[in-house]
2 protein chains.
Amino acid sequence: MIADTPTPPYFAVIFTSKRSDVDNGYKEISNRMLELASKEDGFLGVESVREEYGITVSYWKDLESINNWKNDLEHKAAQARGRKEWYLEFKVRITKVERDHQFTK
Amino acid sequence: MIADTPTPPYFAVIFTSKRSDVDNGYKEISNRMLELASKEDGFLGVESVREEYGITVSYWKDLESINNWKNDLEHKAAQARGRKEWYLEFKVRITKVERDHQFTK
């Protein structure tokens, strides 16, 4: 579940959110979005953890691929439902990964 | 718990980790590190969610403040224990936040 990203530079979208108590297919749509995103050109991986708050970080080759994903029609429909039903608040940060290091036992 | 960060640019450190099953004071040291980090010059906020995997994103004014925090002596001691006891694997990514947007109901 730690994304196997390439040598920097690449891009990361940090999505921090607080869920409402509305279900209405949230989990299915959420999984469908991960599946769709992973087919996008330029997608490099994703990491996601959720309690009441959730942090999902998706990794991308460039800003163009982030923009394409943002504007995907099925994704836009899910975003609209997210605002209306699933999230009380969220914040999206578009970042450029400048360096990284990792540790494995 | 969504960090109230300023207008970009600023920096984000994404720490993704997988915990071992060793406790040994993990929670206390983890809280102590959040307390210490928040006193560092240039600290802007932190978001953290944990299941088996955890994602902690800390926000910083510049690379210098990230570097100062990395080299804090008490933090370095905790890092060493993290490698030895608390984490099976982790990845750290240093990123520059280029833009953000948020939604609140």
# chains A, B, ... in the order shown; residues from 1 in each chain; ligands from 1
call {"tool": "calpha_fit_and_write", "arguments": {"fixed": "chain B", "moving": "chain A", "output": "PDB file with N, CA and C atoms, in the first residue's frame"}}
result
ATOM      1  N   MET A   1      -9.266  18.963  12.089  1.00  0.00           N
ATOM      2  CA  MET A   1      -8.112  18.123  11.732  1.00  0.00           C
ATOM      3  C   MET A   1      -7.631  18.378  10.290  1.00  0.00           C
ATOM      4  N   ILE A   2      -8.421  19.172   9.503  1.00  0.00           N
ATOM      5  CA  ILE A   2      -7.838  19.602   8.227  1.00  0.00           C
ATOM      6  C   ILE A   2      -6.999  20.838   8.546  1.00  0.00           C
ATOM      7  N   ALA A   3      -5.708  20.777   8.236  1.00  0.00           N
ATOM      8  CA  ALA A   3      -4.794  21.847   8.655  1.00  0.00           C
ATOM      9  C   ALA A   3      -5.142  23.165   7.973  1.00  0.00           C
ATOM     10  N   ASP A   4      -5.127  24.216   8.757  1.00  0.00           N
ATOM     11  CA  ASP A   4      -5.484  25.546   8.272  1.00  0.00           C
ATOM     12  C   ASP A   4      -4.232  26.240   7.733  1.00  0.00           C
ATOM     13  N   THR A   5      -3.816  25.780   6.561  1.00  0.00           N
ATOM     14  CA  THR A   5      -2.558  26.248   5.967  1.00  0.00           C
ATOM     15  C   THR A   5      -2.759  27.560   5.200  1.00  0.00           C
ATOM     16  N   PRO A   6      -1.685  28.323   5.027  1.00  0.00           N
ATOM     17  CA  PRO A   6      -1.780  29.616   4.321  1.00  0.00           C
ATOM     18  C   PRO A   6      -1.900  29.419   2.803  1.00  0.00           C
ATOM     19  N   THR A   7      -2.027  30.516   2.090  1.00  0.00           N
ATOM     20  CA  THR A   7      -2.021  30.478   0.625  1.00  0.00           C
ATOM     21  C   THR A   7      -0.695  29.897   0.127  1.00  0.00           C
ATOM     22  N   PRO A   8      -0.743  28.960  -0.840  1.00  0.00           N
ATOM     23  CA  PRO A   8       0.516  28.414  -1.378  1.00  0.00           C
ATOM     24  C   PRO A   8       1.345  29.520  -2.042  1.00  0.00           C
ATOM     25  N   PRO A   9       2.654  29.291  -2.216  1.00  0.00           N
ATOM     26  CA  PRO A   9       3.387  28.049  -1.963  1.00  0.00           C
ATOM     27  C   PRO A   9       3.800  27.853  -0.497  1.00  0.00           C
ATOM     28  N   TYR A  10       3.790  26.588  -0.097  1.00  0.00           N
ATOM     29  CA  TYR A  10       4.396  26.143   1.163  1.00  0.00           C
ATOM     30  C   TYR A  10       4.780  24.679   0.923  1.00  0.00           C
ATOM     31  N   PHE A  11       5.244  23.986   1.951  1.00  0.00           N
ATOM     32  CA  PHE A  11       5.766  22.636   1.740  1.00  0.00           C
ATOM     33  C   PHE A  11       4.996  21.601   2.552  1.00  0.00           C
ATOM     34  N   ALA A  12       4.936  20.390   2.028  1.00  0.00           N
ATOM     35  CA  ALA A  12       4.275  19.292   2.726  1.00  0.00           C
ATOM     36  C   ALA A  12       5.214  18.086   2.764  1.00  0.00           C
ATOM     37  N   VAL A  13       5.316  17.448   3.909  1.00  0.00           N
ATOM     38  CA  VAL A  13       6.065  16.206   4.041  1.00  0.00           C
ATOM     39  C   VAL A  13       5.049  15.084   4.221  1.00  0.00           C
ATOM     40  N   ILE A  14       5.008  14.181   3.254  1.00  0.00           N
ATOM     41  CA  ILE A  14       4.080  13.042   3.301  1.00  0.00           C
ATOM     42  C   ILE A  14       4.828  11.836   3.860  1.00  0.00           C
ATOM     43  N   PHE A  15       4.388  11.360   5.000  1.00  0.00           N
ATOM     44  CA  PHE A  15       5.018  10.209   5.656  1.00  0.00           C
ATOM     45  C   PHE A  15       4.021   9.056   5.662  1.00  0.00           C
ATOM     46  N   THR A  16       4.279   8.038   4.828  1.00  0.00           N
ATOM     47  CA  THR A  16       3.405   6.867   4.733  1.00  0.00           C
ATOM     48  C   THR A  16       4.119   5.700   5.388  1.00  0.00           C
ATOM     49  N   SER A  17       3.463   4.997   6.292  1.00  0.00           N
ATOM     50  CA  SER A  17       4.175   3.980   7.055  1.00  0.00           C
ATOM     51  C   SER A  17       3.307   2.766   7.353  1.00  0.00           C
ATOM     52  N   LYS A  18       3.964   1.656   7.570  1.00  0.00           N
ATOM     53  CA  LYS A  18       3.297   0.444   8.039  1.00  0.00           C
ATOM     54  C   LYS A  18       3.873   0.090   9.407  1.00  0.00           C
ATOM     55  N   ARG A  19       3.020   0.005  10.403  1.00  0.00           N
ATOM     56  CA  ARG A  19       3.448  -0.275  11.773  1.00  0.00           C
ATOM     57  C   ARG A  19       3.797  -1.744  11.961  1.00  0.00           C
ATOM     58  N   SER A  20       4.740  -2.002  12.838  1.00  0.00           N
ATOM     59  CA  SER A  20       4.964  -3.360  13.352  1.00  0.00           C
ATOM     60  C   SER A  20       3.940  -3.601  14.455  1.00  0.00           C
ATOM     61  N   ASP A  21       3.995  -4.774  15.079  1.00  0.00           N
ATOM     62  CA  ASP A  21       3.077  -4.987  16.210  1.00  0.00           C
ATOM     63  C   ASP A  21       3.738  -4.666  17.555  1.00  0.00           C
ATOM     64  N   VAL A  22       4.880  -4.012  17.514  1.00  0.00           N
ATOM     65  CA  VAL A  22       5.574  -3.606  18.744  1.00  0.00           C
ATOM     66  C   VAL A  22       4.984  -2.293  19.254  1.00  0.00           C
ATOM     67  N   ASP A  23       4.617  -2.250  20.534  1.00  0.00           N
ATOM     68  CA  ASP A  23       4.107  -1.002  21.102  1.00  0.00           C
ATOM     69  C   ASP A  23       5.252  -0.209  21.732  1.00  0.00           C
ATOM     70  N   ASN A  24       5.694  -0.598  22.925  1.00  0.00           N
ATOM     71  CA  ASN A  24       6.864   0.045  23.544  1.00  0.00           C
ATOM     72  C   ASN A  24       6.824   1.573  23.537  1.00  0.00           C
ATOM     73  N   GLY A  25       5.697   2.138  23.944  1.00  0.00           N
ATOM     74  CA  GLY A  25       5.631   3.597  24.058  1.00  0.00           C
ATOM     75  C   GLY A  25       5.404   4.335  22.752  1.00  0.00           C
ATOM     76  N   TYR A  26       5.004   3.610  21.711  1.00  0.00           N
ATOM     77  CA  TYR A  26       4.811   4.256  20.400  1.00  0.00           C
ATOM     78  C   TYR A  26       3.892   5.470  20.468  1.00  0.00           C
ATOM     79  N   LYS A  27       2.732   5.308  21.096  1.00  0.00           N
ATOM     80  CA  LYS A  27       1.727   6.379  21.096  1.00  0.00           C
ATOM     81  C   LYS A  27       2.232   7.630  21.830  1.00  0.00           C
ATOM     82  N   GLU A  28       2.881   7.425  22.964  1.00  0.00           N
ATOM     83  CA  GLU A  28       3.405   8.562  23.735  1.00  0.00           C
ATOM     84  C   GLU A  28       4.468   9.319  22.936  1.00  0.00           C
ATOM     85  N   ILE A  29       5.377   8.556  22.332  1.00  0.00           N
ATOM     86  CA  ILE A  29       6.456   9.213  21.574  1.00  0.00           C
ATOM     87  C   ILE A  29       5.871   9.907  20.340  1.00  0.00           C
ATOM     88  N   SER A  30       4.902   9.249  19.735  1.00  0.00           N
ATOM     89  CA  SER A  30       4.249   9.831  18.560  1.00  0.00           C
ATOM     90  C   SER A  30       3.595  11.178  18.923  1.00  0.00           C
ATOM     91  N   ASN A  31       2.880  11.206  20.031  1.00  0.00           N
ATOM     92  CA  ASN A  31       2.256  12.460  20.472  1.00  0.00           C
ATOM     93  C   ASN A  31       3.303  13.513  20.843  1.00  0.00           C
ATOM     94  N   ARG A  32       4.373  13.055  21.483  1.00  0.00           N
ATOM     95  CA  ARG A  32       5.457  13.967  21.865  1.00  0.00           C
ATOM     96  C   ARG A  32       6.081  14.588  20.613  1.00  0.00           C
ATOM     97  N   MET A  33       6.217  13.806  19.539  1.00  0.00           N
ATOM     98  CA  MET A  33       6.803  14.324  18.301  1.00  0.00           C
ATOM     99  C   MET A  33       5.891  15.382  17.674  1.00  0.00           C
ATOM    100  N   LEU A  34       4.565  15.144  17.732  1.00  0.00           N
ATOM    101  CA  LEU A  34       3.635  16.147  17.206  1.00  0.00           C
ATOM    102  C   LEU A  34       3.751  17.451  17.994  1.00  0.00           C
ATOM    103  N   GLU A  35       3.865  17.304  19.314  1.00  0.00           N
ATOM    104  CA  GLU A  35       3.983  18.474  20.189  1.00  0.00           C
ATOM    105  C   GLU A  35       5.274  19.240  19.885  1.00  0.00           C
ATOM    106  N   LEU A  36       6.379  18.490  19.766  1.00  0.00           N
ATOM    107  CA  LEU A  36       7.678  19.123  19.472  1.00  0.00           C
ATOM    108  C   LEU A  36       7.672  19.798  18.103  1.00  0.00           C
ATOM    109  N   ALA A  37       7.168  19.090  17.094  1.00  0.00           N
ATOM    110  CA  ALA A  37       7.148  19.622  15.722  1.00  0.00           C
ATOM    111  C   ALA A  37       6.371  20.935  15.678  1.00  0.00           C
ATOM    112  N   SER A  38       5.265  20.959  16.408  1.00  0.00           N
ATOM    113  CA  SER A  38       4.395  22.134  16.335  1.00  0.00           C
ATOM    114  C   SER A  38       5.047  23.367  16.963  1.00  0.00           C
ATOM    115  N   LYS A  39       6.152  23.156  17.710  1.00  0.00           N
ATOM    116  CA  LYS A  39       6.882  24.300  18.276  1.00  0.00           C
ATOM    117  C   LYS A  39       7.998  24.781  17.357  1.00  0.00           C
ATOM    118  N   GLU A  40       8.295  24.012  16.322  1.00  0.00           N
ATOM    119  CA  GLU A  40       9.355  24.389  15.393  1.00  0.00           C
ATOM    120  C   GLU A  40       8.969  25.640  14.622  1.00  0.00           C
ATOM    121  N   ASP A  41       9.948  26.486  14.389  1.00  0.00           N
ATOM    122  CA  ASP A  41       9.767  27.623  13.523  1.00  0.00           C
ATOM    123  C   ASP A  41       9.393  27.128  12.123  1.00  0.00           C
ATOM    124  N   GLY A  42       8.356  27.678  11.529  1.00  0.00           N
ATOM    125  CA  GLY A  42       7.993  27.295  10.172  1.00  0.00           C
ATOM    126  C   GLY A  42       6.962  26.187  10.094  1.00  0.00           C
ATOM    127  N   PHE A  43       6.578  25.627  11.239  1.00  0.00           N
ATOM    128  CA  PHE A  43       5.532  24.584  11.246  1.00  0.00           C
ATOM    129  C   PHE A  43       4.170  25.215  10.958  1.00  0.00           C
ATOM    130  N   LEU A  44       3.420  24.623  10.019  1.00  0.00           N
ATOM    131  CA  LEU A  44       2.127  25.215   9.638  1.00  0.00           C
ATOM    132  C   LEU A  44       0.926  24.354  10.015  1.00  0.00           C
ATOM    133  N   GLY A  45       1.161  23.076  10.325  1.00  0.00           N
ATOM    134  CA  GLY A  45       0.028  22.215  10.682  1.00  0.00           C
ATOM    135  C   GLY A  45       0.319  20.767  10.336  1.00  0.00           C
ATOM    136  N   VAL A  46      -0.567  19.884  10.758  1.00  0.00           N
ATOM    137  CA  VAL A  46      -0.355  18.454  10.496  1.00  0.00           C
ATOM    138  C   VAL A  46      -1.707  17.758  10.355  1.00  0.00           C
ATOM    139  N   GLU A  47      -1.742  16.724   9.521  1.00  0.00           N
ATOM    140  CA  GLU A  47      -2.930  15.865   9.379  1.00  0.00           C
ATOM    141  C   GLU A  47      -2.443  14.425   9.465  1.00  0.00           C
ATOM    142  N   SER A  48      -3.156  13.591  10.191  1.00  0.00           N
ATOM    143  CA  SER A  48      -2.661  12.237  10.415  1.00  0.00           C
ATOM    144  C   SER A  48      -3.824  11.254  10.557  1.00  0.00           C
ATOM    145  N   VAL A  49      -3.747  10.147   9.825  1.00  0.00           N
ATOM    146  CA  VAL A  49      -4.757   9.097   9.909  1.00  0.00           C
ATOM    147  C   VAL A  49      -4.029   7.762   9.934  1.00  0.00           C
ATOM    148  N   ARG A  50      -4.467   6.854  10.795  1.00  0.00           N
ATOM    149  CA  ARG A  50      -3.779   5.563  10.862  1.00  0.00           C
ATOM    150  C   ARG A  50      -4.753   4.403  10.949  1.00  0.00           C
ATOM    151  N   GLU A  51      -4.524   3.392  10.103  1.00  0.00           N
ATOM    152  CA  GLU A  51      -5.081   2.047  10.294  1.00  0.00           C
ATOM    153  C   GLU A  51      -3.833   1.165  10.435  1.00  0.00           C
ATOM    154  N   GLU A  52      -3.735   0.064   9.722  1.00  0.00           N
ATOM    155  CA  GLU A  52      -2.475  -0.687   9.723  1.00  0.00           C
ATOM    156  C   GLU A  52      -1.400   0.198   9.059  1.00  0.00           C
ATOM    157  N   TYR A  53      -1.794   0.803   7.951  1.00  0.00           N
ATOM    158  CA  TYR A  53      -0.962   1.829   7.344  1.00  0.00           C
ATOM    159  C   TYR A  53      -1.368   3.184   7.899  1.00  0.00           C
ATOM    160  N   GLY A  54      -0.444   4.103   7.924  1.00  0.00           N
ATOM    161  CA  GLY A  54      -0.758   5.451   8.357  1.00  0.00           C
ATOM    162  C   GLY A  54      -0.226   6.455   7.352  1.00  0.00           C
ATOM    163  N   ILE A  55      -0.941   7.576   7.217  1.00  0.00           N
ATOM    164  CA  ILE A  55      -0.422   8.702   6.438  1.00  0.00           C
ATOM    165  C   ILE A  55      -0.424   9.921   7.350  1.00  0.00           C
ATOM    166  N   THR A  56       0.735  10.526   7.530  1.00  0.00           N
ATOM    167  CA  THR A  56       0.844  11.785   8.267  1.00  0.00           C
ATOM    168  C   THR A  56       1.425  12.819   7.315  1.00  0.00           C
ATOM    169  N   VAL A  57       0.704  13.928   7.148  1.00  0.00           N
ATOM    170  CA  VAL A  57       1.212  15.006   6.311  1.00  0.00           C
ATOM    171  C   VAL A  57       1.466  16.210   7.209  1.00  0.00           C
ATOM    172  N   SER A  58       2.715  16.665   7.261  1.00  0.00           N
ATOM    173  CA  SER A  58       3.014  17.885   8.010  1.00  0.00           C
ATOM    174  C   SER A  58       3.333  18.996   7.011  1.00  0.00           C
ATOM    175  N   TYR A  59       2.935  20.211   7.390  1.00  0.00           N
ATOM    176  CA  TYR A  59       3.063  21.362   6.487  1.00  0.00           C
ATOM    177  C   TYR A  59       4.063  22.357   7.062  1.00  0.00           C
ATOM    178  N   TRP A  60       4.869  22.939   6.196  1.00  0.00           N
ATOM    179  CA  TRP A  60       6.011  23.759   6.599  1.00  0.00           C
ATOM    180  C   TRP A  60       6.154  24.967   5.686  1.00  0.00           C
ATOM    181  N   LYS A  61       6.733  26.004   6.277  1.00  0.00           N
ATOM    182  CA  LYS A  61       6.934  27.257   5.530  1.00  0.00           C
ATOM    183  C   LYS A  61       7.980  27.104   4.431  1.00  0.00           C
ATOM    184  N   ASP A  62       9.057  26.378   4.722  1.00  0.00           N
ATOM    185  CA  ASP A  62      10.148  26.270   3.749  1.00  0.00           C
ATOM    186  C   ASP A  62      10.967  25.001   4.003  1.00  0.00           C
ATOM    187  N   LEU A  63      11.908  24.729   3.107  1.00  0.00           N
ATOM    188  CA  LEU A  63      12.730  23.519   3.235  1.00  0.00           C
ATOM    189  C   LEU A  63      13.648  23.587   4.450  1.00  0.00           C
ATOM    190  N   GLU A  64      14.048  24.806   4.815  1.00  0.00           N
ATOM    191  CA  GLU A  64      14.935  24.963   5.972  1.00  0.00           C
ATOM    192  C   GLU A  64      14.240  24.482   7.253  1.00  0.00           C
ATOM    193  N   SER A  65      12.979  24.831   7.409  1.00  0.00           N
ATOM    194  CA  SER A  65      12.284  24.407   8.634  1.00  0.00           C
ATOM    195  C   SER A  65      12.082  22.882   8.650  1.00  0.00           C
ATOM    196  N   ILE A  66      11.870  22.284   7.478  1.00  0.00           N
ATOM    197  CA  ILE A  66      11.772  20.814   7.397  1.00  0.00           C
ATOM    198  C   ILE A  66      13.091  20.175   7.823  1.00  0.00           C
ATOM    199  N   ASN A  67      14.177  20.757   7.350  1.00  0.00           N
ATOM    200  CA  ASN A  67      15.502  20.249   7.673  1.00  0.00           C
ATOM    201  C   ASN A  67      15.831  20.388   9.155  1.00  0.00           C
ATOM    202  N   ASN A  68      15.462  21.518   9.733  1.00  0.00           N
ATOM    203  CA  ASN A  68      15.682  21.709  11.171  1.00  0.00           C
ATOM    204  C   ASN A  68      14.933  20.662  11.977  1.00  0.00           C
ATOM    205  N   TRP A  69      13.689  20.404  11.579  1.00  0.00           N
ATOM    206  CA  TRP A  69      12.893  19.410  12.294  1.00  0.00           C
ATOM    207  C   TRP A  69      13.492  18.008  12.128  1.00  0.00           C
ATOM    208  N   LYS A  70      13.918  17.690  10.908  1.00  0.00           N
ATOM    209  CA  LYS A  70      14.544  16.386  10.651  1.00  0.00           C
ATOM    210  C   LYS A  70      15.745  16.159  11.572  1.00  0.00           C
ATOM    211  N   ASN A  71      16.497  17.234  11.842  1.00  0.00           N
ATOM    212  CA  ASN A  71      17.733  17.112  12.604  1.00  0.00           C
ATOM    213  C   ASN A  71      17.589  17.392  14.095  1.00  0.00           C
ATOM    214  N   ASP A  72      16.395  17.681  14.558  1.00  0.00           N
ATOM    215  CA  ASP A  72      16.163  17.841  15.996  1.00  0.00           C
ATOM    216  C   ASP A  72      16.614  16.576  16.735  1.00  0.00           C
ATOM    217  N   LEU A  73      17.369  16.746  17.801  1.00  0.00           N
ATOM    218  CA  LEU A  73      18.003  15.587  18.450  1.00  0.00           C
ATOM    219  C   LEU A  73      16.994  14.596  19.027  1.00  0.00           C
ATOM    220  N   GLU A  74      15.949  15.122  19.674  1.00  0.00           N
ATOM    221  CA  GLU A  74      14.942  14.223  20.244  1.00  0.00           C
ATOM    222  C   GLU A  74      14.191  13.494  19.120  1.00  0.00           C
ATOM    223  N   HIS A  75      13.964  14.220  18.007  1.00  0.00           N
ATOM    224  CA  HIS A  75      13.315  13.618  16.846  1.00  0.00           C
ATOM    225  C   HIS A  75      14.208  12.534  16.222  1.00  0.00           C
ATOM    226  N   LYS A  76      15.502  12.787  16.171  1.00  0.00           N
ATOM    227  CA  LYS A  76      16.427  11.797  15.595  1.00  0.00           C
ATOM    228  C   LYS A  76      16.443  10.508  16.434  1.00  0.00           C
ATOM    229  N   ALA A  77      16.356  10.663  17.747  1.00  0.00           N
ATOM    230  CA  ALA A  77      16.294   9.489  18.619  1.00  0.00           C
ATOM    231  C   ALA A  77      15.010   8.698  18.344  1.00  0.00           C
ATOM    232  N   ALA A  78      13.905   9.422  18.165  1.00  0.00           N
ATOM    233  CA  ALA A  78      12.626   8.763  17.859  1.00  0.00           C
ATOM    234  C   ALA A  78      12.683   8.085  16.485  1.00  0.00           C
ATOM    235  N   GLN A  79      13.321   8.735  15.513  1.00  0.00           N
ATOM    236  CA  GLN A  79      13.466   8.143  14.180  1.00  0.00           C
ATOM    237  C   GLN A  79      14.216   6.806  14.263  1.00  0.00           C
ATOM    238  N   ALA A  80      15.279   6.771  15.085  1.00  0.00           N
ATOM    239  CA  ALA A  80      16.068   5.546  15.229  1.00  0.00           C
ATOM    240  C   ALA A  80      15.212   4.429  15.835  1.00  0.00           C
ATOM    241  N   ARG A  81      14.413   4.779  16.841  1.00  0.00           N
ATOM    242  CA  ARG A  81      13.519   3.777  17.437  1.00  0.00           C
ATOM    243  C   ARG A  81      12.446   3.350  16.436  1.00  0.00           C
ATOM    244  N   GLY A  82      11.999   4.264  15.640  1.00  0.00           N
ATOM    245  CA  GLY A  82      11.000   3.953  14.614  1.00  0.00           C
ATOM    246  C   GLY A  82      11.503   2.883  13.661  1.00  0.00           C
ATOM    247  N   ARG A  83      12.746   3.046  13.196  1.00  0.00           N
ATOM    248  CA  ARG A  83      13.335   2.059  12.277  1.00  0.00           C
ATOM    249  C   ARG A  83      13.492   0.705  12.959  1.00  0.00           C
ATOM    250  N   LYS A  84      13.898   0.755  14.230  1.00  0.00           N
ATOM    251  CA  LYS A  84      14.242  -0.465  14.956  1.00  0.00           C
ATOM    252  C   LYS A  84      13.000  -1.214  15.442  1.00  0.00           C
ATOM    253  N   GLU A  85      11.984  -0.443  15.896  1.00  0.00           N
ATOM    254  CA  GLU A  85      10.884  -1.081  16.619  1.00  0.00           C
ATOM    255  C   GLU A  85       9.502  -0.899  15.976  1.00  0.00           C
ATOM    256  N   TRP A  86       9.176   0.318  15.553  1.00  0.00           N
ATOM    257  CA  TRP A  86       7.766   0.637  15.325  1.00  0.00           C
ATOM    258  C   TRP A  86       7.274   0.476  13.888  1.00  0.00           C
ATOM    259  N   TYR A  87       8.210   0.541  12.931  1.00  0.00           N
ATOM    260  CA  TYR A  87       7.772   0.515  11.530  1.00  0.00           C
ATOM    261  C   TYR A  87       8.367  -0.668  10.776  1.00  0.00           C
ATOM    262  N   LEU A  88       7.527  -1.309   9.977  1.00  0.00           N
ATOM    263  CA  LEU A  88       8.024  -2.339   9.070  1.00  0.00           C
ATOM    264  C   LEU A  88       8.530  -1.707   7.786  1.00  0.00           C
ATOM    265  N   GLU A  89       7.866  -0.628   7.399  1.00  0.00           N
ATOM    266  CA  GLU A  89       8.334   0.139   6.236  1.00  0.00           C
ATOM    267  C   GLU A  89       7.736   1.527   6.265  1.00  0.00           C
ATOM    268  N   PHE A  90       8.412   2.452   5.668  1.00  0.00           N
ATOM    269  CA  PHE A  90       7.839   3.792   5.493  1.00  0.00           C
ATOM    270  C   PHE A  90       8.470   4.484   4.295  1.00  0.00           C
ATOM    271  N   LYS A  91       7.801   5.510   3.840  1.00  0.00           N
ATOM    272  CA  LYS A  91       8.323   6.337   2.756  1.00  0.00           C
ATOM    273  C   LYS A  91       8.055   7.794   3.104  1.00  0.00           C
ATOM    274  N   VAL A  92       9.030   8.638   2.886  1.00  0.00           N
ATOM    275  CA  VAL A  92       8.906  10.070   3.160  1.00  0.00           C
ATOM    276  C   VAL A  92       9.045  10.821   1.843  1.00  0.00           C
ATOM    277  N   ARG A  93       8.088  11.687   1.565  1.00  0.00           N
ATOM    278  CA  ARG A  93       8.169  12.496   0.348  1.00  0.00           C
ATOM    279  C   ARG A  93       8.116  13.978   0.706  1.00  0.00           C
ATOM    280  N   ILE A  94       9.103  14.727   0.223  1.00  0.00           N
ATOM    281  CA  ILE A  94       9.170  16.164   0.464  1.00  0.00           C
ATOM    282  C   ILE A  94       8.567  16.853  -0.759  1.00  0.00           C
ATOM    283  N   THR A  95       7.504  17.609  -0.536  1.00  0.00           N
ATOM    284  CA  THR A  95       6.783  18.183  -1.673  1.00  0.00           C
ATOM    285  C   THR A  95       6.543  19.674  -1.487  1.00  0.00           C
ATOM    286  N   LYS A  96       6.381  20.348  -2.609  1.00  0.00           N
ATOM    287  CA  LYS A  96       6.033  21.772  -2.594  1.00  0.00           C
ATOM    288  C   LYS A  96       4.571  21.914  -3.002  1.00  0.00           C
ATOM    289  N   VAL A  97       3.766  22.509  -2.141  1.00  0.00           N
ATOM    290  CA  VAL A  97       2.349  22.701  -2.449  1.00  0.00           C
ATOM    291  C   VAL A  97       2.222  23.891  -3.405  1.00  0.00           C
ATOM    292  N   GLU A  98       1.686  23.630  -4.584  1.00  0.00           N
ATOM    293  CA  GLU A  98       1.600  24.674  -5.597  1.00  0.00           C
ATOM    294  C   GLU A  98       0.242  25.365  -5.600  1.00  0.00           C
ATOM    295  N   ARG A  99      -0.814  24.594  -5.346  1.00  0.00           N
ATOM    296  CA  ARG A  99      -2.132  25.202  -5.187  1.00  0.00           C
ATOM    297  C   ARG A  99      -3.034  24.302  -4.344  1.00  0.00           C
ATOM    298  N   ASP A 100      -4.100  24.896  -3.840  1.00  0.00           N
ATOM    299  CA  ASP A 100      -5.033  24.120  -3.028  1.00  0.00           C
ATOM    300  C   ASP A 100      -6.430  24.711  -3.157  1.00  0.00           C
ATOM    301  N   HIS A 101      -7.433  23.904  -2.808  1.00  0.00           N
ATOM    302  CA  HIS A 101      -8.780  24.447  -2.673  1.00  0.00           C
ATOM    303  C   HIS A 101      -9.525  23.630  -1.641  1.00  0.00           C
ATOM    304  N   GLN A 102     -10.542  24.234  -1.072  1.00  0.00           N
ATOM    305  CA  GLN A 102     -11.238  23.517  -0.028  1.00  0.00           C
ATOM    306  C   GLN A 102     -12.730  23.704  -0.113  1.00  0.00           C
ATOM    307  N   PHE A 103     -13.421  22.812   0.582  1.00  0.00           N
ATOM    308  CA  PHE A 103     -14.873  22.783   0.582  1.00  0.00           C
ATOM    309  C   PHE A 103     -15.328  22.590   2.020  1.00  0.00           C
ATOM    310  N   THR A 104     -16.279  23.421   2.447  1.00  0.00           N
ATOM    311  CA  THR A 104     -16.868  23.231   3.775  1.00  0.00           C
ATOM    312  C   THR A 104     -18.365  23.403   3.651  1.00  0.00           C
ATOM    313  N   LYS A 105     -19.092  22.517   4.303  1.00  0.00           N
ATOM    314  CA  LYS A 105     -20.546  22.548   4.234  1.00  0.00           C
ATOM    315  C   LYS A 105     -21.087  23.623   5.165  1.00  0.00           C
TER     316      LYS A 105
END
call {"tool": "select_by_dssp", "arguments": {"residues": "stretch 63-97 of chain B", "states": "alpha helix (DSSP H)", "output": "PyMOL selection string"}}
result
chain B and resi 63-70+73-81
call {"tool": "write_last_selection", "arguments": {"atoms": "N, CA and C atoms", "output": "CSV table (one decimal), in the first residue's frame"}}
result
chain,number,residue,atom,x,y,z
B,63,LEU,N,11.9,24.7,3.1
B,63,LEU,CA,12.7,23.5,3.2
B,63,LEU,C,13.7,23.6,4.5
B,64,GLU,N,14.1,24.8,4.8
B,64,GLU,CA,14.9,25.0,6.0
B,64,GLU,C,14.3,24.5,7.3
B,65,SER,N,13.0,24.8,7.4
B,65,SER,CA,12.3,24.4,8.6
B,65,SER,C,12.1,22.9,8.7
B,66,ILE,N,11.9,22.3,7.5
B,66,ILE,CA,11.8,20.8,7.4
B,66,ILE,C,13.1,20.2,7.8
B,67,ASN,N,14.2,20.8,7.4
B,67,ASN,CA,15.5,20.2,7.7
B,67,ASN,C,15.8,20.4,9.2
B,68,ASN,N,15.5,21.5,9.7
B,68,ASN,CA,15.7,21.7,11.2
B,68,ASN,C,14.9,20.7,12.0
B,69,TRP,N,13.7,20.4,11.6
B,69,TRP,CA,12.9,19.4,12.3
B,69,TRP,C,13.5,18.0,12.1
B,70,LYS,N,13.9,17.7,10.9
B,70,LYS,CA,14.5,16.4,10.7
B,70,LYS,C,15.8,16.2,11.6
B,73,LEU,N,17.4,16.8,17.8
B,73,LEU,CA,18.0,15.6,18.5
B,73,LEU,C,17.0,14.6,19.0
B,74,GLU,N,15.9,15.1,19.7
B,74,GLU,CA,14.9,14.2,20.2
B,74,GLU,C,14.2,13.5,19.1
B,75,HIS,N,14.0,14.2,18.0
B,75,HIS,CA,13.3,13.6,16.9
B,75,HIS,C,14.2,12.5,16.2
B,76,LYS,N,15.5,12.8,16.2
B,76,LYS,CA,16.4,11.8,15.6
B,76,LYS,C,16.4,10.5,16.4
B,77,ALA,N,16.4,10.7,17.7
B,77,ALA,CA,16.3,9.5,18.6
B,77,ALA,C,15.0,8.7,18.3
B,78,ALA,N,13.9,9.4,18.2
B,78,ALA,CA,12.6,8.8,17.9
B,78,ALA,C,12.7,8.1,16.5
B,79,GLN,N,13.3,8.7,15.5
B,79,GLN,CA,13.5,8.1,14.2
B,79,GLN,C,14.2,6.8,14.3
B,80,ALA,N,15.3,6.8,15.1
B,80,ALA,CA,16.1,5.6,15.2
B,80,ALA,C,15.2,4.4,15.8
B,81,ARG,N,14.4,4.8,16.8
B,81,ARG,CA,13.5,3.8,17.4
B,81,ARG,C,12.5,3.3,16.4
call {"tool": "select_by_dssp", "arguments": {"residues": "chain A", "states": "strand (DSSP E or B)", "output": "VMD selection string"}}
result
chain A and resid 10 to 19 43 to 50 53 to 60 87 to 104
